[in-house]
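What follows is a single structure, written as structure tokens, with notes after it.
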Amino acid sequence: MSKRRKLRMRNIIKKAIQSFRNRNEPTCAPIYQPSTKVRRTVMVCISVCLMFMVCGNAWSMGSDLAKALDKQEQRQKMVAVIIDDMGNNMKGTKQILELPVKVTVAVMPFLPTTKQDATEAHMRGHDVIVHLPMEPKQGRPEWLGPGAIKANMTDDEVRAKVTAAIKDVPYAIGMNNHMGSKVTSDKRIMSIVLDVCKEHGLFFVDSRTNYWSVVPELAAAKGMPPVRNDIFLDDAHTLAHVNRQIAKVIEWLDKNDTCVTIGHVGVSGMYTSSALRSAVPALKDHAKFVGISDLVHSVWGWKGKPINTTIPSDAQ
Ligand SMILES: [Zn+2]
């Protein structure tokens with residue numbers, strides 16, 4: 001090969017190599033190749049975002065669960081058991097006070113154990129209300145007890161009797177009627193009774209001894225809870241009857257959100273207390289045991305401030 005030819009060949013090879021090198025050079029904008037550090041930063045950011053999303057969902061689920069539980073709590077049915085005729089050391093008094101659930105004791109004023117029963121009930125966490133004797137259509141006057149309200153009393157007499165009764169029962173947060181089939185249908189008298197209760201921060205529970213009672217209507221008109229008894233537990237004095245009535249309370253709770261039920265100490269006191277104690281688990285399956293004050297607060301928003309919140313000096 002001539003020298004000239006060799007030179008030409010060398011130039012051709014040189015150009016070919018140059019051309020090959022040029023092909024490896026980028027011909028357009030470089031594709032972004034992140035460094036390891038940048039890749040790490042991006043991964044951390046993505047992880048943090050994912051974590052926030054997961055936590056956000058968990059928070060939202062937790063919040064939904066809390067709302068559902070609140071709703072369930074709001075929807076929980078309530079049973080308020082009121083036990084009448086306390087204050088005279090009648091049969092079943094101790095057993096009622098020792099029930100393992102919250103009840104409401106209705107204590108008659110001016111009787112030998114009025115203050116003792118009211119104070120012990122309060123100390124045990126039960127609600128206390130005044131059980132005010134009121135004249136019935138029938139029945140013996142001696143069944144009424146001291147401090148009774150009678151249909152022939154003047155307005156001032158009624159006011160004085162109700163005020164004295166409230167002051168005699170420590171820790172009373174409300175009132176209901178003992179007997180009273182005559183007086184609870186008397187608009188004049190019941191209007192005064194409710195006014196005095198309201199002035200002292202008390203509500204009034206209509207025991208429903210009279211179908212024609214004016215109490216719920218009057219109470220509603222005065223901005224007080226129109227609360228009343230739904231079922232008497234022991235209007236017949238046998239254990240079987242009390243058990244049947246407790247079954248009715250459960251049936252009632254299947255259809256209603258609240259039940260106010262009234263039992264007694266005295267003739268049926270031992271039956272009522274033992275039937276109630278046995279029925280606590282079954283009743284708890286259907287509703288929460290509440291004091292009557294919890295019920296009127298929850299259902300009607302009652303915010304009365306009762307005056308009897310301390311132990312009177314003569315209460316022992
Ligand atoms: Zn009574």
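Just remember, in the structure tokens the first chain shown is A, the second B, etc., residues are 1-based per chain, and ligands are 1-based in the order shown.
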
*Contact residues around stretch 163-173 of chain A with only C-alpha atoms at 9 Å, ignoring same-chain residues under 5 positions, as an MDAnalysis selection string*: chainID A and resid 106:110 114:115 118:119 122 127:132 147 158 193 196:197 200:203 293 304:312 315

_Protein and nucleic residues near ligand 1, 10 Å, only C-alpha atoms and all ligand atoms, as a PyMOL selection string_ = chain A and resi 83-86+106-108+131-134+143-145+176-180+207+209+262-266

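Atom CA of A:Gly301 is positioned 26.8 Å from atom CA of A:Val280.
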
*Running DSSP on the backbone, which parts of stretch 144-231 of chain A land in helix (DSSP H, G or I), as a PyMOL selection string?*
chain A and resi 155-168+183-185+187-199+215-221

*Tell me which protein, DNA and RNA residues are within 12 Å of A:Asn256, counting only C-alpha atoms, leaving out same-chain ones fewer than 4 positions away, and put them as a PyMOL selection string.*
chain A and resi 75-79+230+248-252+260+286-287

*Counting only C-alpha atoms, the option among A:Phe232, A:Trp302, A:Phe289, A:Phe204 closest to A:Ile192*: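 Ranking A:Phe232, A:Trp302, A:Phe289, A:Phe204 by distance to A:Ile192, first place goes to A:Phe204.
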
Find the residues around A:Gln95 up to 10 Å (only C-alpha atoms counted), leave out those fewer than 3 positions away in its own chain, and share them as a JSON list (two decimals) with C-alpha atoms, in the first residue's frame.
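Output contents, as saved in part_22.json:
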```
[["chain", "number", "residue", "atom", "x", "y", "z"],
["A", 91, "LYS", "CA", -90.90, -3.20, 104.93],
["A", 92, "GLY", "CA", -88.32, -3.33, 102.15],
["A", 98, "GLU", "CA", -79.17, -1.50, 98.94],
["A", 99, "LEU", "CA", -80.18, -2.20, 95.34],
["A", 100, "PRO", "CA", -77.07, -2.30, 93.13],
["A", 265, "VAL", "CA", -92.10, -0.15, 100.39],
["A", 269, "GLY", "CA", -91.88, -3.92, 99.85],
["A", 270, "MET", "CA", -90.09, -7.26, 100.16],
["A", 272, "THR", "CA", -90.81, -5.41, 95.01],
["A", 273, "SER", "CA", -87.23, -5.17, 96.26],
["A", 274, "SER", "CA", -86.41, -8.84, 95.62],
["A", 277, "ARG", "CA", -82.88, -7.15, 92.39]]
```

*Between A:Thr104, A:Ile292, A:Ile189, A:Lys198, which is the closest to A:Glu157 once you count only C-alpha atoms?*
A:Ile189

*Residues of stretch 110-251 of chain A in strand (DSSP E or B) according to DSSP, as a list in words?*
Asp127, Val128, Ile129, Val130, His131, Leu132, Pro133, Met134, Ile149, Ala172, Ile173, Gly174, Met175, Asn176, Asn177, His178, Met179, Phe203, Phe204, Val205, Asp206, Arg228, Ile231 and Phe232 of chain A

Can I get the selection written as a PDB file, in the first residue's frame, with N, CA and C atoms?
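The file below, result.pdb, is the result:
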```pdb
ATOM      1  N   ASP A 127     -81.535   9.034  93.699  1.00  0.00           N
ATOM      2  CA  ASP A 127     -82.236  10.322  93.695  1.00  0.00           C
ATOM      3  C   ASP A 127     -83.263  10.341  94.825  1.00  0.00           C
ATOM      4  N   VAL A 128     -83.523  11.528  95.341  1.00  0.00           N
ATOM      5  CA  VAL A 128     -84.538  11.686  96.400  1.00  0.00           C
ATOM      6  C   VAL A 128     -85.597  12.659  95.908  1.00  0.00           C
ATOM      7  N   ILE A 129     -86.867  12.293  96.064  1.00  0.00           N
ATOM      8  CA  ILE A 129     -87.946  13.249  95.786  1.00  0.00           C
ATOM      9  C   ILE A 129     -88.913  13.260  96.976  1.00  0.00           C
ATOM     10  N   VAL A 130     -89.675  14.336  97.073  1.00  0.00           N
ATOM     11  CA  VAL A 130     -90.678  14.454  98.147  1.00  0.00           C
ATOM     12  C   VAL A 130     -91.922  13.678  97.704  1.00  0.00           C
ATOM     13  N   HIS A 131     -92.422  12.830  98.587  1.00  0.00           N
ATOM     14  CA  HIS A 131     -93.650  12.083  98.286  1.00  0.00           C
ATOM     15  C   HIS A 131     -94.772  12.791  99.043  1.00  0.00           C
ATOM     16  N   LEU A 132     -95.443  13.708  98.349  1.00  0.00           N
ATOM     17  CA  LEU A 132     -96.392  14.603  99.039  1.00  0.00           C
ATOM     18  C   LEU A 132     -97.799  13.992  99.096  1.00  0.00           C
ATOM     19  N   PRO A 133     -98.322  13.803 100.312  1.00  0.00           N
ATOM     20  CA  PRO A 133     -99.676  13.244 100.425  1.00  0.00           C
ATOM     21  C   PRO A 133    -100.723  14.212  99.872  1.00  0.00           C
ATOM     22  N   MET A 134    -101.659  13.677  99.090  1.00  0.00           N
ATOM     23  CA  MET A 134    -102.727  14.498  98.508  1.00  0.00           C
ATOM     24  C   MET A 134    -104.036  13.736  98.609  1.00  0.00           C
ATOM     25  N   ILE A 149    -102.174  17.628 101.308  1.00  0.00           N
ATOM     26  CA  ILE A 149    -102.873  18.683 100.572  1.00  0.00           C
ATOM     27  C   ILE A 149    -104.315  18.217 100.345  1.00  0.00           C
ATOM     28  N   ALA A 172     -83.994  16.584  98.301  1.00  0.00           N
ATOM     29  CA  ALA A 172     -85.056  16.371  97.305  1.00  0.00           C
ATOM     30  C   ALA A 172     -84.793  17.191  96.048  1.00  0.00           C
ATOM     31  N   ILE A 173     -84.895  16.529  94.903  1.00  0.00           N
ATOM     32  CA  ILE A 173     -84.684  17.222  93.633  1.00  0.00           C
ATOM     33  C   ILE A 173     -85.988  17.283  92.814  1.00  0.00           C
ATOM     34  N   GLY A 174     -87.036  16.643  93.365  1.00  0.00           N
ATOM     35  CA  GLY A 174     -88.324  16.636  92.692  1.00  0.00           C
ATOM     36  C   GLY A 174     -89.409  16.236  93.684  1.00  0.00           C
ATOM     37  N   MET A 175     -90.609  16.024  93.149  1.00  0.00           N
ATOM     38  CA  MET A 175     -91.749  15.665  94.021  1.00  0.00           C
ATOM     39  C   MET A 175     -92.680  14.758  93.234  1.00  0.00           C
ATOM     40  N   ASN A 176     -93.378  13.866  93.945  1.00  0.00           N
ATOM     41  CA  ASN A 176     -94.502  13.171  93.319  1.00  0.00           C
ATOM     42  C   ASN A 176     -95.626  13.062  94.335  1.00  0.00           C
ATOM     43  N   ASN A 177     -96.771  12.598  93.873  1.00  0.00           N
ATOM     44  CA  ASN A 177     -97.923  12.577  94.765  1.00  0.00           C
ATOM     45  C   ASN A 177     -98.156  11.207  95.385  1.00  0.00           C
ATOM     46  N   HIS A 178     -98.454  11.224  96.707  1.00  0.00           N
ATOM     47  CA  HIS A 178     -98.921  10.041  97.421  1.00  0.00           C
ATOM     48  C   HIS A 178    -100.437  10.101  97.361  1.00  0.00           C
ATOM     49  N   MET A 179    -101.052   9.074  96.800  1.00  0.00           N
ATOM     50  CA  MET A 179    -102.506   9.056  96.563  1.00  0.00           C
ATOM     51  C   MET A 179    -102.866  10.223  95.626  1.00  0.00           C
ATOM     52  N   PHE A 203     -88.929  19.509  90.028  1.00  0.00           N
ATOM     53  CA  PHE A 203     -89.952  19.138  89.033  1.00  0.00           C
ATOM     54  C   PHE A 203     -90.990  18.262  89.739  1.00  0.00           C
ATOM     55  N   PHE A 204     -92.087  17.972  89.049  1.00  0.00           N
ATOM     56  CA  PHE A 204     -93.152  17.163  89.665  1.00  0.00           C
ATOM     57  C   PHE A 204     -93.448  15.947  88.787  1.00  0.00           C
ATOM     58  N   VAL A 205     -93.390  14.759  89.399  1.00  0.00           N
ATOM     59  CA  VAL A 205     -93.724  13.524  88.668  1.00  0.00           C
ATOM     60  C   VAL A 205     -95.172  13.151  88.987  1.00  0.00           C
ATOM     61  N   ASP A 206     -95.998  13.077  87.949  1.00  0.00           N
ATOM     62  CA  ASP A 206     -97.385  12.666  88.162  1.00  0.00           C
ATOM     63  C   ASP A 206     -97.414  11.149  88.373  1.00  0.00           C
ATOM     64  N   ARG A 228     -94.357  11.531  83.952  1.00  0.00           N
ATOM     65  CA  ARG A 228     -95.372  10.801  84.708  1.00  0.00           C
ATOM     66  C   ARG A 228     -95.033   9.319  84.791  1.00  0.00           C
ATOM     67  N   ILE A 231     -95.810   2.737  84.565  1.00  0.00           N
ATOM     68  CA  ILE A 231     -96.276   1.407  85.011  1.00  0.00           C
ATOM     69  C   ILE A 231     -96.125   1.283  86.535  1.00  0.00           C
ATOM     70  N   PHE A 232     -97.212   0.907  87.222  1.00  0.00           N
ATOM     71  CA  PHE A 232     -97.110   0.571  88.647  1.00  0.00           C
ATOM     72  C   PHE A 232     -96.579  -0.855  88.770  1.00  0.00           C
TER      73      PHE A 232
END
```

*Find the residues around stretch 219-226 of chain A up to 7 Å (only C-alpha atoms counted), leave out those fewer than 3 positions away in its own chain, and share them as a list in words.*
Leu194, Phe203, Val215, Pro216, Val296, Trp300 and Trp302 of chain A
